[in-house]
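To start, the structure itself, in structure tokens.
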Amino acid sequence: MRNLLLIVLTLVSLNAAVMAVEPSEVLSDPALEARARHISAELRCLVCQNQSIDDSDAQLAKDLRLLVRERLVQGETDEQVKSYIVSRYGEFVLLKPPFNSSTYVLWYGPPVFVAIGIMAVFVIFRRKRSLSGAAAGLSADEQRRLKALLDDETTS
Amino acid sequence: MTAKRILFLTPGIIFGIIAIYFAVGLTKDPSQLPSVLINTPVEQFQLAAIKGRANADRAWGLENTDFHGDVALLNVFGSWCISCKVEHPFLMELKRTSDVPVHGIDWREEDPDAGPAWLKREGDPYTLVGDDPDSKGAIAFGVTGAPETFVVDRNGIIRYKHVGPLNRDIWVNAIYPLVQSLRAQ
């Protein structure tokens with residue numbers, strides 16, 4: 001039973017690894033094909049927006065995959081191919097947002113918030129420690145008054 | 001005291017700012033993508049003529065240079081596209097009532113006869129039509145779905161993009177005033 005489950009899960013995960021790229025699209029040069037796959041994985045499908053064109057079965061995604069391959073065959077660099085598609089569809093097609101002035105908040109935001117959190121924790125702990133330190137050490141004058149109070153209590 | 005008050009208010013303020021961002025971001029329609037091609041020239045492209053619409057004087061059905069000379073509309077359609085059928089009567093009306101040329105890109109027909117047959121059945125509102133089976137023309141215009149309609153000025157610069165079916169409201173309020181001002185330039 002357990003083995004059967006394992007087999008089923010393995011088959012299912014194998015199935016998921018098969019991409020939308022059709023055999024007829026694949027380039028004969030494996031190095032170019034690898035570059036094409038890498039670029040396709042970074043480009044958003046405009047029809048089903050949370051998939052890359054490498055994953056998507058949409059017709060437009062297929063045509064974009066073919067366009068990527070065609071341009072690579074013509075000798076363009078990865079950056080040239082990507083920048084052409086960005087020039088047509090905007091930076092929205094890049095699944096990984098680029099690092100520029102309009103995305104500074106996106107990239108710097110999380111580390112800034114982590115830094116604020118660390119600072120807050122640090123400040124709170126220091127304050128706690130200084131408070132407990134004050135409670136532990138009584139001055140000589142305070143010790144005398146405490147003793148007097150306690151003595152007073154026990155005698156009466 | 002005031003420092004403490006600020007400290008207590010901070011989470012509320014941060015929440016408020018994030019809430020405003022979400023309120024704006026989540027109510028946008030993600031299918032309405034802004035076009036980066038507005039105010040840029042039409043890219044060089046050449047599309048073959050669809051069947052039955054071959055031009056005697058040249059091999060191409062539609063190419064980028066066709067947008068030089070007069071302000072024109074470009075409509076991306078397909079016989080498979082249901083919204084295109086919705087907007088089609090209005091395109092026919094434009095053909096009868098306006099002097100603005102409407103060019104068409106017949107996008108992604110699996111059967112090369114399907115587009116011509118559709119135009120024969122529904123009527124042909126287009127001045128020039130290019131056949132675009134592999135999205136070359138559609139990608140040149142940054143098209144994500146059909147129908148889309150563009151306004152291109154007499155110098156071949158894209159000035160306006162409308163996603164979805166064209167109708168009289170958009171024509172009267174947005175496209176026609178734009179065409180007039182572009183022609184006056």
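Letters A, B, ... mark the chains of the structure tokens in the order given; residue numbers begin at 1 per chain; ligand numbers begin at 1, in order shown.
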
Interface, chain B side, toward chain A (8 Å; only C-alpha atoms) as a list in words: Ser35, Val36, Leu37, Asp134, Ser135, Ile139, Ala140, Phe141, Gly142, Thr144 and Gly145 of chain B

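Nearest to Asp54 in chain A of all the residues A:Glu22, A:Glu70, A:Glu153, A:Asp29 is A:Glu22, counting only C-alpha atoms.
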
DSSP helix (DSSP H, G or I) selection over range 15-183 of chain B, as a PyMOL selection string: chain B and resi 15-25+64-67+82-97+114-122+136-140+168-183

Dump as a compact mmCIF listing (two decimals), in the first residue's frame, selection limited to C-alpha atoms:
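Result went into part27.txt, see below:
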```txt
# COMPACT_ATOMS: atom_id res chain seq x y z
CA PHE B 15 -1.25 49.03 8.58
CA GLY B 16 -2.99 52.11 7.15
CA ILE B 17 -0.29 52.63 4.49
CA ILE B 18 -0.32 48.95 3.48
CA ALA B 19 -4.14 49.00 3.40
CA ILE B 20 -4.09 51.96 0.99
CA TYR B 21 -1.62 50.17 -1.30
CA PHE B 22 -3.77 47.04 -1.29
CA ALA B 23 -6.97 49.03 -1.81
CA VAL B 24 -5.46 50.50 -5.00
CA GLY B 25 -3.55 47.41 -6.14
CA ASN B 64 4.11 48.95 -40.97
CA THR B 65 4.48 51.46 -43.82
CA ASP B 66 0.71 51.25 -44.40
CA PHE B 67 0.36 53.44 -41.31
CA ILE B 82 -16.32 35.81 -29.44
CA SER B 83 -15.84 39.43 -28.33
CA CYS B 84 -14.80 40.24 -31.91
CA LYS B 85 -18.24 39.12 -33.05
CA VAL B 86 -19.72 41.48 -30.44
CA GLU B 87 -17.82 44.52 -31.74
CA HIS B 88 -18.14 43.58 -35.41
CA PRO B 89 -21.47 45.38 -36.12
CA PHE B 90 -19.95 48.59 -34.80
CA LEU B 91 -16.93 48.22 -37.11
CA MET B 92 -19.37 47.77 -40.01
CA GLU B 93 -21.18 50.91 -38.90
CA LEU B 94 -17.85 52.80 -38.81
CA LYS B 95 -17.15 51.68 -42.36
CA ARG B 96 -20.44 53.23 -43.48
CA THR B 97 -20.37 56.40 -41.41
CA ALA B 114 -11.57 30.59 -41.38
CA GLY B 115 -10.80 34.35 -41.34
CA PRO B 116 -11.89 35.03 -44.95
CA ALA B 117 -15.04 32.93 -44.42
CA TRP B 118 -15.87 34.88 -41.26
CA LEU B 119 -15.47 38.23 -43.07
CA LYS B 120 -17.62 36.98 -45.91
CA ARG B 121 -20.36 35.96 -43.50
CA GLU B 122 -20.26 38.91 -41.08
CA LYS B 136 4.32 38.18 -35.42
CA GLY B 137 2.02 41.16 -35.95
CA ALA B 138 0.30 40.75 -32.59
CA ILE B 139 3.62 40.73 -30.73
CA ALA B 140 4.79 43.80 -32.68
CA ARG B 168 -19.96 53.74 -29.78
CA ASP B 169 -19.22 55.08 -26.29
CA ILE B 170 -15.46 54.60 -26.66
CA TRP B 171 -15.55 55.86 -30.23
CA VAL B 172 -17.45 59.06 -29.38
CA ASN B 173 -15.64 59.85 -26.14
CA ALA B 174 -12.07 58.73 -26.79
CA ILE B 175 -11.15 57.60 -30.27
CA TYR B 176 -12.93 60.06 -32.57
CA PRO B 177 -11.78 63.19 -30.67
CA LEU B 178 -8.24 61.79 -30.72
CA VAL B 179 -8.39 61.06 -34.46
CA GLN B 180 -9.61 64.61 -35.11
CA SER B 181 -6.84 66.19 -33.07
CA LEU B 182 -4.22 63.96 -34.71
CA ARG B 183 -5.50 64.90 -38.16
```

Range 49-52 of chain B environment, 10 Å, only C-alpha atoms, sequence neighbours closer than 4 positions dropped, as number ranges by chain: B: 58-62, 105-106, 112-117, 120, 128-132

Å distance separating CA of Val68 in chain A from CA of Pro97 in chain A, one decimal place: 19.4 Å

DSSP strand (DSSP E) residues within range 45-172 of chain B, listed as a ChimeraX atom specification: /B:46-48,60-63,72-77,102-107,129-132,148-152,158-163
